[in-house]
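Q: This one is model01.txt, compact mmCIF, C-alpha atoms.
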```txt
# COMPACT_ATOMS: atom_id res chain seq x y z
CA MET A 1037 -2.32 -85.30 23.58
CA VAL A 1038 -4.22 -88.42 24.79
CA HIS A 1039 -2.66 -91.76 24.01
CA PRO A 1040 -4.62 -95.05 23.62
CA GLY A 1041 -5.17 -96.75 26.95
CA GLN A 1042 -4.78 -93.53 28.91
CA ILE A 1043 -7.71 -91.98 30.80
CA PRO A 1044 -8.28 -88.82 29.00
CA ASN A 1045 -7.69 -85.79 31.08
CA GLU A 1046 -10.63 -83.44 30.63
CA GLN A 1047 -8.47 -80.42 30.36
CA ALA A 1048 -6.18 -82.04 27.78
CA LEU A 1049 -9.19 -83.16 25.79
CA LEU A 1050 -10.60 -79.69 25.73
CA GLU A 1051 -7.25 -78.35 24.64
CA GLU A 1052 -7.10 -80.86 21.78
CA VAL A 1053 -10.63 -79.99 20.64
CA ARG A 1054 -9.80 -76.25 20.75
CA ASP A 1055 -6.65 -76.97 18.81
CA ILE A 1056 -8.57 -78.80 16.11
CA LEU A 1057 -11.28 -76.18 15.91
CA LEU A 1058 -8.98 -73.18 15.87
CA ARG A 1059 -6.14 -74.56 13.79
CA LYS A 1060 -7.36 -73.07 10.59
CA ASP A 1061 -8.04 -69.68 12.18
CA ARG A 1062 -4.64 -69.68 13.87
CA GLU A 1063 -2.94 -70.45 10.59
CA THR A 1064 -4.83 -67.64 8.92
CA LEU A 1065 -3.92 -65.29 11.75
CA GLN A 1066 -0.27 -66.28 11.48
CA ARG A 1067 -0.31 -65.57 7.75
CA LEU A 1068 -1.83 -62.17 8.41
CA GLU A 1069 0.77 -61.40 11.07
CA ASP A 1070 3.50 -62.38 8.63
CA ILE A 1071 2.04 -60.05 6.04
CA LEU A 1072 1.79 -57.18 8.50
CA ASP A 1073 5.26 -57.74 9.88
CA GLN A 1074 6.95 -57.82 6.51
CA ARG A 1075 6.87 -54.45 4.76
CA GLY A 1076 7.36 -55.95 1.32
CA GLN A 1077 4.43 -58.30 1.66
CA LEU A 1078 2.23 -55.61 3.18
CA ALA A 1079 3.07 -53.19 0.36
CA GLU A 1080 2.26 -55.82 -2.21
CA ARG A 1081 -1.26 -56.06 -0.80
CA VAL A 1082 -1.93 -52.47 0.21
CA VAL A 1083 -0.38 -50.44 -2.62
CA PRO A 1084 -2.85 -51.58 -5.30
CA ILE A 1085 -5.74 -50.62 -2.98
CA ILE A 1086 -4.26 -47.17 -2.29
CA GLU A 1087 -3.56 -46.64 -5.97
CA GLU A 1088 -7.09 -47.62 -6.81
CA GLN A 1089 -8.42 -45.19 -4.19
CA LEU A 1090 -6.15 -42.42 -5.43
CA GLU A 1091 -7.32 -42.99 -8.97
CA HIS A 1092 -10.90 -42.83 -7.76
CA PHE A 1093 -10.10 -39.64 -5.81
CA LYS A 1094 -8.47 -38.06 -8.85
CA GLU A 1095 -11.43 -38.90 -11.03
CA HIS A 1096 -14.04 -37.70 -8.57
CA PHE A 1097 -12.18 -34.80 -6.95
CA PRO A 1098 -13.51 -32.10 -9.27
CA VAL A 1099 -17.08 -33.17 -8.65
CA ALA A 1100 -16.88 -33.80 -4.93
CA TYR A 1101 -14.65 -30.88 -3.96
CA ARG A 1102 -15.30 -28.31 -6.68
CA HIS A 1103 -17.45 -26.08 -4.51
CA THR A 1104 -15.07 -26.28 -1.57
CA VAL A 1105 -12.08 -25.40 -3.75
CA GLU A 1106 -14.01 -22.61 -5.46
CA ARG A 1107 -14.95 -21.14 -2.11
CA LEU A 1108 -11.33 -21.38 -0.92
CA ILE A 1109 -10.00 -19.69 -4.06
CA GLU A 1110 -12.66 -17.03 -3.89
CA ARG A 1111 -11.78 -16.30 -0.26
CA LYS A 1112 -8.05 -16.25 -1.00
CA LEU A 1113 -8.59 -13.88 -3.93
CA LYS A 1114 -10.64 -11.53 -1.77
CA GLU A 1115 -8.06 -11.59 0.99
CA SER A 1116 -5.14 -10.99 -1.35
CA GLN A 1117 -6.80 -8.52 -3.71
CA GLU A 1118 -4.17 -5.83 -3.21
CA GLU A 1119 -1.35 -8.33 -3.56
CA LEU A 1120 -2.78 -9.66 -6.80
CA LEU A 1121 -3.36 -6.23 -8.26
CA ASN A 1122 0.16 -5.19 -7.32
CA LEU A 1123 1.32 -8.26 -9.19
CA ILE A 1124 -0.81 -7.79 -12.29
CA TYR A 1125 -0.64 -4.00 -12.66
CA PRO A 1126 2.98 -3.73 -13.86
CA ILE A 1127 2.56 -6.66 -16.27
CA LEU A 1128 -0.60 -5.26 -17.82
CA GLY A 1129 0.93 -1.82 -17.96
CA LYS A 1130 3.99 -3.17 -19.76
CA MET A 1131 1.86 -4.96 -22.35
CA ILE A 1132 -0.20 -1.86 -23.05
CA ARG A 1133 2.91 0.31 -23.19
CA LYS A 1134 4.61 -2.09 -25.57
CA TYR A 1135 1.67 -1.97 -27.94
CA ILE A 1136 1.44 1.82 -27.83
CA ALA A 1137 5.23 2.13 -28.25
CA GLN A 1138 5.12 -0.06 -31.36
CA GLN A 1139 2.36 2.04 -32.87
CA LEU A 1140 4.16 5.27 -32.02
CA GLN A 1141 7.42 3.93 -33.44
CA ALA A 1142 5.71 3.18 -36.73
CA LEU A 1143 4.21 6.67 -36.78
CA ARG A 1144 7.55 8.29 -35.88
CA GLU A 1145 9.38 6.43 -38.63
CA SER A 1146 6.87 7.54 -41.18
CA VAL A 1147 7.10 11.19 -39.99
CA GLU A 1148 10.92 11.06 -40.01
CA VAL A 1149 10.98 9.82 -43.57
CA GLN A 1150 8.74 12.68 -44.61
CA ILE A 1151 10.86 15.28 -42.74
CA LYS A 1152 14.09 13.97 -44.27
CA GLN A 1153 12.57 14.24 -47.67
CA SER A 1154 11.25 17.72 -47.01
CA PHE A 1155 13.06 20.86 -48.09
CA LEU A 1156 13.10 22.29 -44.52
CA GLY A 1157 14.83 19.22 -43.08
CA ARG A 1158 17.57 19.25 -45.69
CA LEU A 1159 18.05 23.01 -45.29
CA ARG A 1160 18.34 22.78 -41.49
CA ALA A 1161 20.99 20.05 -41.70
CA ARG A 1162 22.95 21.99 -44.33
CA LEU A 1163 22.86 25.32 -42.48
CA SER A 1164 23.80 24.00 -39.05
CA GLY A 1165 26.25 21.45 -40.34
CA VAL A 1166 25.07 19.23 -37.51
CA ARG A 1167 22.93 16.17 -37.87
CA GLU A 1168 19.49 16.16 -36.17
CA SER A 1169 20.47 13.13 -34.08
CA ASP A 1170 23.56 14.96 -32.77
CA ILE A 1171 21.43 17.92 -31.74
CA ILE A 1172 19.17 15.61 -29.74
CA ILE A 1173 22.15 13.91 -28.09
CA SER A 1174 23.68 17.24 -27.09
CA GLN A 1175 20.36 18.37 -25.61
CA ALA A 1176 20.19 15.22 -23.54
CA ALA A 1177 23.64 15.72 -22.02
CA GLY A 1178 23.47 16.23 -18.27
CA LEU A 1179 20.14 14.49 -17.99
CA ARG A 1180 19.93 12.79 -14.65
CA VAL A 1181 17.42 11.25 -12.28
CA GLU A 1182 18.16 13.08 -9.06
CA GLU A 1183 15.42 11.73 -6.83
CA ALA A 1184 13.27 8.64 -6.87
CA TYR A 1185 10.28 7.89 -4.66
CA VAL A 1186 7.81 5.09 -4.12
CA ILE A 1187 4.74 6.56 -2.42
CA GLY A 1188 1.48 5.13 -1.06
CA GLN A 1189 -1.23 5.94 -3.62
CA HIS A 1190 -3.76 7.56 -1.28
CA SER A 1191 -2.01 7.93 2.04
CA GLY A 1192 0.94 9.74 0.48
CA LEU A 1193 3.18 7.90 2.93
CA LEU A 1194 6.71 7.26 1.76
CA LEU A 1195 7.52 3.62 1.04
CA GLY A 1196 11.03 4.17 -0.23
CA SER A 1197 13.29 6.83 -1.70
CA ALA A 1198 16.77 7.56 -2.98
CA SER A 1199 18.36 10.84 -3.99
CA LEU A 1200 21.53 12.25 -5.44
CA HIS A 1201 21.64 15.32 -3.18
CA PRO A 1202 20.30 15.97 0.32
CA THR A 1203 16.72 17.30 0.20
CA ILE A 1204 14.11 18.44 2.68
CA ASP A 1205 12.28 15.72 4.57
CA LYS A 1206 11.29 13.07 2.03
CA GLU A 1207 8.11 12.12 3.90
CA LEU A 1208 6.95 15.71 3.45
CA ILE A 1209 7.81 15.69 -0.24
CA ALA A 1210 5.82 12.45 -0.61
CA GLY A 1211 2.85 13.97 1.24
CA MET A 1212 2.78 17.24 -0.66
CA LEU A 1213 3.31 15.52 -4.01
CA THR A 1214 0.34 13.28 -3.26
CA ALA A 1215 -1.72 16.32 -2.22
CA ILE A 1216 -0.85 18.12 -5.48
CA LYS A 1217 -1.66 15.00 -7.46
CA SER A 1218 -5.02 14.62 -5.71
CA PHE A 1219 -5.75 18.31 -6.18
CA VAL A 1220 -5.11 18.17 -9.94
CA ILE A 1221 -7.25 15.05 -10.37
CA ASP A 1222 -10.12 16.47 -8.31
CA ALA A 1223 -9.92 19.95 -9.75
CA PHE A 1224 -9.92 19.02 -13.42
CA GLN A 1225 -12.01 15.85 -13.20
CA ARG A 1226 -10.77 14.11 -16.30
CA GLY A 1227 -12.22 10.70 -15.50
CA ASP A 1228 -9.52 8.12 -14.94
CA ALA A 1229 -6.73 10.34 -16.22
CA GLU A 1230 -3.73 10.63 -13.92
CA LEU A 1231 -1.13 13.32 -13.39
CA GLU A 1232 1.93 12.05 -15.26
CA MET A 1233 4.38 14.92 -15.17
CA ILE A 1234 5.09 18.18 -13.37
CA ASN A 1235 7.46 20.64 -15.06
CA TYR A 1236 9.33 23.60 -13.77
CA GLY A 1237 12.22 25.08 -15.65
CA ASN A 1238 14.62 22.36 -16.64
CA TYR A 1239 13.31 20.09 -13.91
CA GLN A 1240 10.63 17.48 -14.35
CA ILE A 1241 8.85 15.10 -12.04
CA LEU A 1242 7.67 11.98 -13.82
CA ILE A 1243 4.83 10.11 -12.14
CA GLN A 1244 3.78 6.56 -12.85
CA ASP A 1245 0.71 5.20 -11.10
CA PHE A 1246 0.31 1.63 -9.95
CA TYR A 1247 -2.49 0.17 -7.89
CA THR A 1248 -1.56 0.81 -4.26
CA TYR A 1249 1.44 3.06 -4.86
CA TYR A 1250 3.04 5.33 -7.42
CA ILE A 1251 6.61 6.02 -8.46
CA ALA A 1252 7.90 9.56 -8.89
CA LEU A 1253 11.22 10.47 -10.49
CA ALA A 1254 12.70 13.98 -10.31
CA VAL A 1255 14.76 14.50 -13.45
CA ASN A 1256 17.15 17.34 -14.11
CA GLY A 1257 17.58 18.17 -17.80
CA ALA A 1258 15.42 18.46 -20.88
CA LEU A 1259 13.58 15.22 -21.37
CA THR A 1260 12.78 14.03 -24.87
CA ALA A 1261 9.81 11.82 -25.62
CA GLY A 1262 12.16 8.86 -26.08
CA GLU A 1263 13.83 9.39 -22.73
CA LYS A 1264 10.50 9.82 -21.02
CA GLU A 1265 9.46 6.54 -22.59
CA GLU A 1266 12.67 4.88 -21.40
CA LEU A 1267 12.20 6.08 -17.82
CA SER A 1268 8.61 4.98 -17.88
CA GLU A 1269 9.72 1.54 -19.02
CA GLN A 1270 12.27 1.45 -16.19
CA MET A 1271 9.55 2.31 -13.68
CA PHE A 1272 7.41 -0.58 -14.92
CA ASN A 1273 10.37 -2.95 -14.75
CA PHE A 1274 11.17 -1.75 -11.26
CA ALA A 1275 7.58 -2.30 -10.13
CA ASP A 1276 7.49 -5.72 -11.72
CA ARG A 1277 10.71 -6.86 -10.04
CA GLU A 1278 10.61 -5.12 -6.71
CA LEU A 1279 7.00 -4.29 -5.89
CA ALA A 1280 4.89 -7.14 -7.25
CA ARG A 1281 4.20 -8.48 -3.78
CA LYS A 1282 2.28 -7.77 -0.62
CA ILE A 1283 3.60 -4.46 0.61
CA ASP A 1284 4.07 -3.94 4.34
CA PRO A 1285 4.65 -0.20 4.85
CA ASP A 1286 5.66 -0.79 8.49
CA ASP A 1287 8.53 -3.13 7.64
CA PRO A 1288 11.85 -1.24 7.99
CA ALA A 1289 13.67 -3.91 5.96
CA PHE A 1290 11.30 -3.24 3.05
CA HIS A 1291 12.10 0.51 3.17
CA LEU A 1292 15.84 -0.20 3.14
CA HIS A 1293 15.47 -2.68 0.32
CA LEU A 1294 13.53 -0.14 -1.77
CA GLN A 1295 16.04 2.60 -1.02
CA GLU A 1296 18.89 0.43 -2.26
CA LYS A 1297 17.02 -0.73 -5.35
CA LEU A 1298 15.84 2.79 -6.26
CA ARG A 1299 19.45 3.97 -6.06
CA LEU A 1300 20.62 1.16 -8.35
CA TYR A 1301 17.76 1.44 -10.84
CA PHE A 1302 17.49 5.19 -11.18
CA ILE A 1303 20.06 7.31 -9.37
CA GLU A 1304 23.20 5.49 -10.43
CA LYS A 1305 21.95 4.75 -13.89
CA THR A 1306 22.57 7.28 -16.63
CA LEU A 1307 20.12 7.45 -19.45
CA ALA A 1308 21.16 5.95 -22.74
CA MET B 1404 9.60 3.86 12.74
CA ILE B 1405 6.02 3.64 11.57
CA SER B 1406 4.31 6.41 9.60
CA ARG B 1407 0.65 7.34 9.72
CA LYS B 1408 -1.39 9.94 7.84
CA VAL B 1409 -3.39 12.18 10.17
CA LEU B 1410 -5.95 14.71 8.93
CA ILE B 1411 -6.82 17.89 10.77
CA THR B 1412 -10.22 19.19 9.84
CA GLY B 1413 -13.29 20.98 11.22
CA SER B 1414 -15.28 24.17 10.68
CA PHE B 1415 -13.89 27.45 9.42
CA ALA B 1416 -11.58 29.42 11.76
CA VAL B 1417 -11.62 26.98 14.67
CA GLY B 1418 -7.84 27.13 15.01
CA LYS B 1419 -6.86 24.01 13.05
CA THR B 1420 -3.77 25.60 11.60
CA SER B 1421 -2.80 27.13 14.94
CA LEU B 1422 -3.02 23.69 16.56
CA PHE B 1423 -0.91 22.35 13.74
CA ASN B 1424 1.63 25.15 14.09
CA ARG B 1425 1.84 24.69 17.83
CA PHE B 1426 2.84 21.11 17.38
CA ILE B 1427 5.25 21.14 14.48
CA HIS B 1428 7.94 23.18 12.89
CA ASN B 1429 6.52 24.45 9.61
CA THR B 1430 8.36 23.25 6.56
CA PHE B 1431 6.04 24.51 3.86
CA SER B 1432 4.49 27.94 3.47
CA GLU B 1433 0.89 28.41 4.54
CA ARG B 1434 0.17 29.69 1.04
CA TYR B 1435 -0.44 26.07 0.10
CA LEU B 1436 -3.57 26.12 2.23
CA THR B 1437 -5.12 28.77 0.04
CA THR B 1438 -3.76 27.41 -3.23
CA ILE B 1439 -4.33 23.68 -3.14
CA GLY B 1440 -6.27 23.59 0.13
CA VAL B 1441 -3.89 21.45 2.12
CA LYS B 1442 -0.54 21.66 3.82
CA VAL B 1443 1.45 18.64 4.85
CA ASP B 1444 3.86 18.51 7.76
CA LYS B 1445 4.99 15.94 10.24
CA LYS B 1446 5.87 15.30 13.83
CA GLU B 1447 7.77 12.37 15.20
CA VAL B 1448 6.78 11.06 18.61
CA ALA B 1449 8.18 8.17 20.63
CA ILE B 1450 5.61 5.86 22.17
CA ASN B 1451 7.07 3.23 24.53
CA GLY B 1452 10.22 2.93 22.44
CA GLN B 1453 8.32 2.89 19.14
CA ASP B 1454 9.00 5.89 16.91
CA VAL B 1455 5.87 7.14 15.17
CA SER B 1456 5.92 9.64 12.33
CA LEU B 1457 2.63 11.51 12.22
CA VAL B 1458 2.27 12.96 8.73
CA LEU B 1459 -0.25 15.73 9.31
CA TRP B 1460 -2.53 17.01 6.56
CA ASP B 1461 -4.00 20.36 7.53
CA ILE B 1462 -7.05 20.70 5.30
CA ALA B 1463 -8.55 24.09 4.53
CA GLY B 1464 -12.33 24.30 4.34
CA GLU B 1465 -15.00 22.15 5.87
CA VAL B 1466 -15.52 18.41 5.50
CA SER B 1467 -18.95 18.77 3.94
CA GLN B 1468 -17.80 21.32 1.39
CA GLU B 1469 -17.67 19.92 -2.09
CA LYS B 1470 -14.57 21.91 -2.90
CA VAL B 1471 -12.43 19.87 -0.50
CA PRO B 1472 -11.05 17.01 -2.62
CA ARG B 1473 -12.33 13.73 -1.23
CA THR B 1474 -9.03 12.11 -2.15
CA TYR B 1475 -7.32 14.16 0.59
CA PHE B 1476 -9.11 11.99 3.10
CA LEU B 1477 -8.09 8.65 1.62
CA GLY B 1478 -5.42 6.58 3.33
CA ALA B 1479 -5.67 8.47 6.63
CA SER B 1480 -5.29 6.46 9.82
CA ALA B 1481 -6.63 9.19 12.09
CA VAL B 1482 -8.69 12.37 11.88
CA VAL B 1483 -8.51 15.25 14.35
CA TYR B 1484 -11.84 17.09 14.14
CA VAL B 1485 -11.60 20.56 15.65
CA PHE B 1486 -14.38 22.84 16.85
CA ASP B 1487 -14.22 26.23 18.57
CA LEU B 1488 -15.26 26.21 22.24
CA SER B 1489 -16.06 29.93 22.05
CA ARG B 1490 -18.37 29.47 19.03
CA PRO B 1491 -20.87 26.65 19.70
CA ASN B 1492 -22.20 26.92 16.15
CA THR B 1493 -18.96 25.28 15.00
CA LEU B 1494 -20.46 22.06 16.41
CA LYS B 1495 -23.46 22.43 14.12
CA ASN B 1496 -22.09 20.30 11.26
CA MET B 1497 -20.09 17.94 13.40
CA GLU B 1498 -22.48 15.03 13.40
CA ALA B 1499 -22.87 15.04 9.62
CA ASP B 1500 -19.13 15.62 9.16
CA LEU B 1501 -18.19 12.71 11.42
CA LYS B 1502 -20.64 10.45 9.59
CA LEU B 1503 -19.07 11.42 6.29
CA ILE B 1504 -15.57 10.78 7.66
CA GLN B 1505 -16.61 7.38 9.01
CA LYS B 1506 -18.14 6.51 5.67
CA THR B 1507 -15.06 7.62 3.73
CA LEU B 1508 -12.59 6.10 6.17
CA PRO B 1509 -14.14 3.08 7.89
CA GLY B 1510 -12.20 2.04 10.99
CA CYS B 1511 -10.32 5.32 11.15
CA LEU B 1512 -9.43 6.76 14.55
CA ILE B 1513 -11.31 10.01 15.19
CA LYS B 1514 -10.43 12.58 17.86
CA VAL B 1515 -12.75 15.48 18.52
CA ILE B 1516 -11.08 18.58 19.91
CA GLY B 1517 -12.63 21.68 21.43
CA ASN B 1518 -10.04 24.36 20.76
CA LYS B 1519 -9.59 27.93 22.07
CA LYS B 1520 -10.02 26.84 25.68
CA ASP B 1521 -8.33 30.07 26.71
CA LEU B 1522 -11.32 32.04 25.40
CA VAL B 1523 -13.98 30.43 27.62
CA SER B 1524 -14.55 30.59 31.37
CA GLU B 1525 -14.41 27.61 33.72
CA GLU B 1526 -18.21 27.80 34.15
CA GLU B 1527 -18.76 27.66 30.40
CA LEU B 1528 -16.41 24.68 30.18
CA ILE B 1529 -18.34 22.82 32.88
CA ILE B 1530 -21.62 23.41 31.02
CA MET B 1531 -20.00 22.36 27.74
CA LYS B 1532 -18.58 19.16 29.26
CA ARG B 1533 -22.08 18.12 30.34
CA GLN B 1534 -23.32 18.37 26.78
CA ILE B 1535 -20.62 16.46 24.94
CA PRO B 1536 -18.99 13.01 25.25
CA GLU B 1537 -16.18 12.59 27.81
CA THR B 1538 -13.71 11.56 25.13
CA TYR B 1539 -13.64 15.06 23.63
CA LEU B 1540 -10.47 16.92 24.54
CA PHE B 1541 -10.17 20.64 25.20
CA THR B 1542 -7.10 22.42 23.93
CA SER B 1543 -5.67 25.87 23.55
CA ALA B 1544 -3.42 26.43 20.59
CA LYS B 1545 -2.63 29.82 22.09
CA THR B 1546 -1.27 28.57 25.44
CA GLY B 1547 -0.33 25.11 24.15
CA GLU B 1548 -2.52 23.42 26.78
CA ASN B 1549 -3.16 19.74 25.94
CA VAL B 1550 -1.76 20.14 22.40
CA GLU B 1551 1.32 17.94 22.87
CA GLY B 1552 -0.82 15.51 24.88
CA LEU B 1553 -3.34 15.28 22.07
CA PHE B 1554 -0.75 14.16 19.53
CA LEU B 1555 1.00 11.85 22.00
CA SER B 1556 -2.26 10.08 22.82
CA LEU B 1557 -3.02 9.91 19.11
CA GLY B 1558 0.39 8.30 18.48
CA ALA B 1559 -0.19 5.83 21.34
CA GLN B 1560 -3.59 4.82 19.96
CA LEU B 1561 -2.15 4.35 16.49
CA VAL B 1562 0.63 2.11 17.86
CA GLU B 1563 -1.95 0.14 19.82
CA LYS B 1564 -4.10 -0.22 16.70
CA LYS B 1565 -1.09 -1.40 14.70
CA ASP B 1566 -0.28 -4.02 17.35
CA LEU B 1567 -3.86 -5.26 17.27
CA ASP B 1568 -3.82 -5.50 13.47
```
Any chance you could put this one into structure tokens?
A:
Amino acid sequence: MVHPGQIPNEQALLEEVRDILLRKDRETLQRLEDILDQRGQLAERVVPIIEEQLEHFKEHFPVAYRHTVERLIERKLKESQEELLNLIYPILGKMIRKYIAQQLQALRESVEVQIKQSFLGRLRARLSGVRESDIIISQAAGLRVEEAYVIGQHSGLLLGSASLHPTIDKELIAGMLTAIKSFVIDAFQRGDAELEMINYGNYQILIQDFYTYYIALAVNGALTAGEKEELSEQMFNFADRELARKIDPDDPAFHLHLQEKLRLYFIEKTLA
Amino acid sequence: MISRKVLITGSFAVGKTSLFNRFIHNTFSERYLTTIGVKVDKKEVAINGQDVSLVLWDIAGEVSQEKVPRTYFLGASAVVYVFDLSRPNTLKNMEADLKLIQKTLPGCLIKVIGNKKDLVSEEELIIMKRQIPETYLFTSAKTGENVEGLFLSLGAQLVEKKDLD
């Protein structure tokens, strides 16, 4: 600062001029520093801008990124095709089965009514002294799932199994069963039809196909249509809960998990 | 333990089943070969501490024959193609057969085996070796020569392939 009567020092003069010229800028800079240093103040300024940008992004995202997202989804779908089909197959199957079951139930009820009203039905009940339903229940006694397998659809490699009694090597059973299944399909060439059951004596092997695998149940005892339906339903439920995922046949934990679940779902469960 | 499906195929009477029988203990009757055209068995091998279960499908008939169900080939990780060293005409269809296998099973490991080594002289073998790729292996199901080695190297290649995947 230069006082009156003093010889102005050149340096001090320059300093004063710089001070005058830059005062406004310095004040502005200070204000900006204050804003940046204080989170609250900064947020007050910045948040509306971010929100505005986000809004703009939301509005324009479909247009700007549609192709990129489509390509990504397409790629992901291609990469996870098996996984997706494993996921969808049991659900679709259940829906179709439910529809068919409803139609069959309606048909069955109508047939039963006609049988009950028929002379033969009344005569049979009178002669035997036993109701038709009791006969069916007695026939079903002893019915049991003795072996359950989850097998790779084409490779025939065993993914999981559980059994009531010791059997020969299960990997071999899985392989031969797959070979027989392939043989029947190739030999009779019935389009998309699949082998659903193999019978011998009082023993039946029920087969339910899924996309990358199939489930086979070895059942001891005479199987009625209703019980077959019930087991089929159980297989779909099992697939939906335990197999609707990416299957890694080399994962030992997956094999153990399947073994345990097959035992719980089929071997330890008695049919209603 | 990892499991892999391995097919054994080739021309008629080249000793496929004998190779198979040399390597494994038969569980199923050979009647299956004439009834449904395939017999499944397995052999477990240990490769550097990794247990490998080779599930072997011995397929009756030739690859190019229409009567062999194509579905037998599906899902296989390896194919052992066998020809008879004492009958050069068993190599006749090999090229077409291998092409068909590669088309049906892209990326599948293929091993070509000249069997019945015991039936040919050393001179004949030397001539034969000049005419075919070095990777082909000569075996004798009768004496067991190279049979165990064939399946061990197959197991090792399958483990290596799995590690790469």
Q: Once you count all atoms listed in the file, which residues of chain B turn out to be within 7 Å of chain A? Could you give them as a list in words?
A: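 Interface list for chain B against chain A: Ile1405, Ser1406, Lys1408, Ile1439, Val1443, Asp1444, Pro1472, Thr1474, Tyr1475, Leu1477, Gly1478 and Ala1479 of chain B.
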Q: Give me the residues within 7 Å of Tyr1250 of chain A as JSON, numbers by chain, counting only C-alpha atoms and dropping any in the same chain fewer than 3 places off.
A: {"A": [1186, 1187, 1188, 1189, 1243, 1244, 1245, 1246]}
Q: In Å, with one decimal, what is the gap from atom CA of Arg1281 of chain A to atom CA of Thr1104 of chain A?
A: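 Answer for the atom CA of Arg1281 of chain A to atom CA of Thr1104 of chain A separation: 26.3 Å.
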Q: What's the separation between atom CA of Lys1545 of chain B and atom CA of Gln1560 of chain B, in Å to one decimal place?
A: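 For atom CA of Lys1545 of chain B relative to atom CA of Gln1560 of chain B, the distance reads 25.1 Å.
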Q: May I ask which of the residues B:Phe1426, B:Tyr1484, B:Tyr1539, B:Phe1415 is the closest one to Leu1457 of chain B, counting all atoms listed in the file?
A: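 That would be B:Phe1426, the residue with the smallest distance to Leu1457 of chain B.
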Q: Using only C-alpha atoms, which residues sit within 8 Å of Leu1422 of chain B once same-chain residues fewer than 5 positions away are excluded, as a PDB file with C-alpha atoms, in the frame of the given file?
A:
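Everything below was put into part.pdb:
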```pdb
ATOM      1  CA  SER B1543      -5.670  25.870  23.550  1.00  0.00           C
ATOM      2  CA  ALA B1544      -3.420  26.430  20.590  1.00  0.00           C
ATOM      3  CA  VAL B1550      -1.760  20.140  22.400  1.00  0.00           C
TER       4      VAL B1550
END
```
Q: Rounded to one decimal, what separation in Å do you get between atom CA of Thr1260 of chain A and atom CA of Ala1142 of chain A?
A: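 If I compute the distance from atom CA of Thr1260 of chain A to atom CA of Ala1142 of chain A, I get 17.6 Å.
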Q: Please work out which residues fall within 12 Å of (-3.0, -2.4, 14.7), coordinates as given in the file, with all atoms listed in the file counting, and return them as a VMD selection string.
A: (chain A and resid 1286) or (chain B and resid 1405 1407 1480 1510 to 1512 1558 to 1568)
Q: For Ser1199 of chain A, please output as a ChimeraX atom specification all residues within 7 Å (counting all atoms listed in the file; exclusion window: fewer than 6 positions along the same chain).
A: /A:1182-1184,1303
Q: Please save C-alpha atoms of the selected residues as a compact mmCIF listing (two decimals), keeping the file's coordinate frame.
A:
```txt
# COMPACT_ATOMS: atom_id res chain seq x y z
CA GLU A 1182 18.16 13.08 -9.06
CA GLU A 1183 15.42 11.73 -6.83
CA ALA A 1184 13.27 8.64 -6.87
CA ILE A 1303 20.06 7.31 -9.37
```
Q: List every protein, DNA or RNA residue that has an atom no more than 10 Å from (20.8, 19.9, -9.3) in the file's coordinate frame, counting only C-alpha atoms, and report them as a PDB file with C-alpha atoms, keeping the file's coordinate frame.
A:
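Okay, this is what ended up in result-v4.pdb:
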```
ATOM      1  CA  ARG A1180      19.930  12.790 -14.650  1.00  0.00           C
ATOM      2  CA  VAL A1181      17.420  11.250 -12.280  1.00  0.00           C
ATOM      3  CA  GLU A1182      18.160  13.080  -9.060  1.00  0.00           C
ATOM      4  CA  LEU A1200      21.530  12.250  -5.440  1.00  0.00           C
ATOM      5  CA  HIS A1201      21.640  15.320  -3.180  1.00  0.00           C
ATOM      6  CA  ASN A1238      14.620  22.360 -16.640  1.00  0.00           C
ATOM      7  CA  TYR A1239      13.310  20.090 -13.910  1.00  0.00           C
ATOM      8  CA  VAL A1255      14.760  14.500 -13.450  1.00  0.00           C
ATOM      9  CA  ASN A1256      17.150  17.340 -14.110  1.00  0.00           C
ATOM     10  CA  GLY A1257      17.580  18.170 -17.800  1.00  0.00           C
TER      11      GLY A1257
END
```
Q: Neighbouring residues of Met1531 of chain B were defined as those with any atom within 12 Å, considering only C-alpha atoms; residues of the same chain fewer than 4 positions away were excluded. Please report them as a list of chain:residue names.
A: B:Asp1487, B:Leu1488, B:Ser1489, B:Arg1490, B:Pro1491, B:Leu1494, B:Gly1517, B:Lys1520, B:Val1523, B:Ser1524, B:Glu1525, B:Glu1526, B:Glu1527, B:Ile1535, B:Pro1536, B:Glu1537, B:Tyr1539, B:Leu1540, B:Phe1541
Q: What would the file look like if the residues just selected were written as an mmCIF file, in the frame of the given file with C-alpha atoms?
A:
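Below is the file that was written, result-v2.cif:
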```cif
data_model
loop_
_atom_site.group_PDB
_atom_site.id
_atom_site.type_symbol
_atom_site.label_atom_id
_atom_site.label_comp_id
_atom_site.auth_asym_id
_atom_site.auth_seq_id
_atom_site.Cartn_x
_atom_site.Cartn_y
_atom_site.Cartn_z
ATOM 1 C CA ASP B 1487 -14.220 26.230 18.570
ATOM 2 C CA LEU B 1488 -15.260 26.210 22.240
ATOM 3 C CA SER B 1489 -16.060 29.930 22.050
ATOM 4 C CA ARG B 1490 -18.370 29.470 19.030
ATOM 5 C CA PRO B 1491 -20.870 26.650 19.700
ATOM 6 C CA LEU B 1494 -20.460 22.060 16.410
ATOM 7 C CA GLY B 1517 -12.630 21.680 21.430
ATOM 8 C CA LYS B 1520 -10.020 26.840 25.680
ATOM 9 C CA VAL B 1523 -13.980 30.430 27.620
ATOM 10 C CA SER B 1524 -14.550 30.590 31.370
ATOM 11 C CA GLU B 1525 -14.410 27.610 33.720
ATOM 12 C CA GLU B 1526 -18.210 27.800 34.150
ATOM 13 C CA GLU B 1527 -18.760 27.660 30.400
ATOM 14 C CA ILE B 1535 -20.620 16.460 24.940
ATOM 15 C CA PRO B 1536 -18.990 13.010 25.250
ATOM 16 C CA GLU B 1537 -16.180 12.590 27.810
ATOM 17 C CA TYR B 1539 -13.640 15.060 23.630
ATOM 18 C CA LEU B 1540 -10.470 16.920 24.540
ATOM 19 C CA PHE B 1541 -10.170 20.640 25.200
#
```
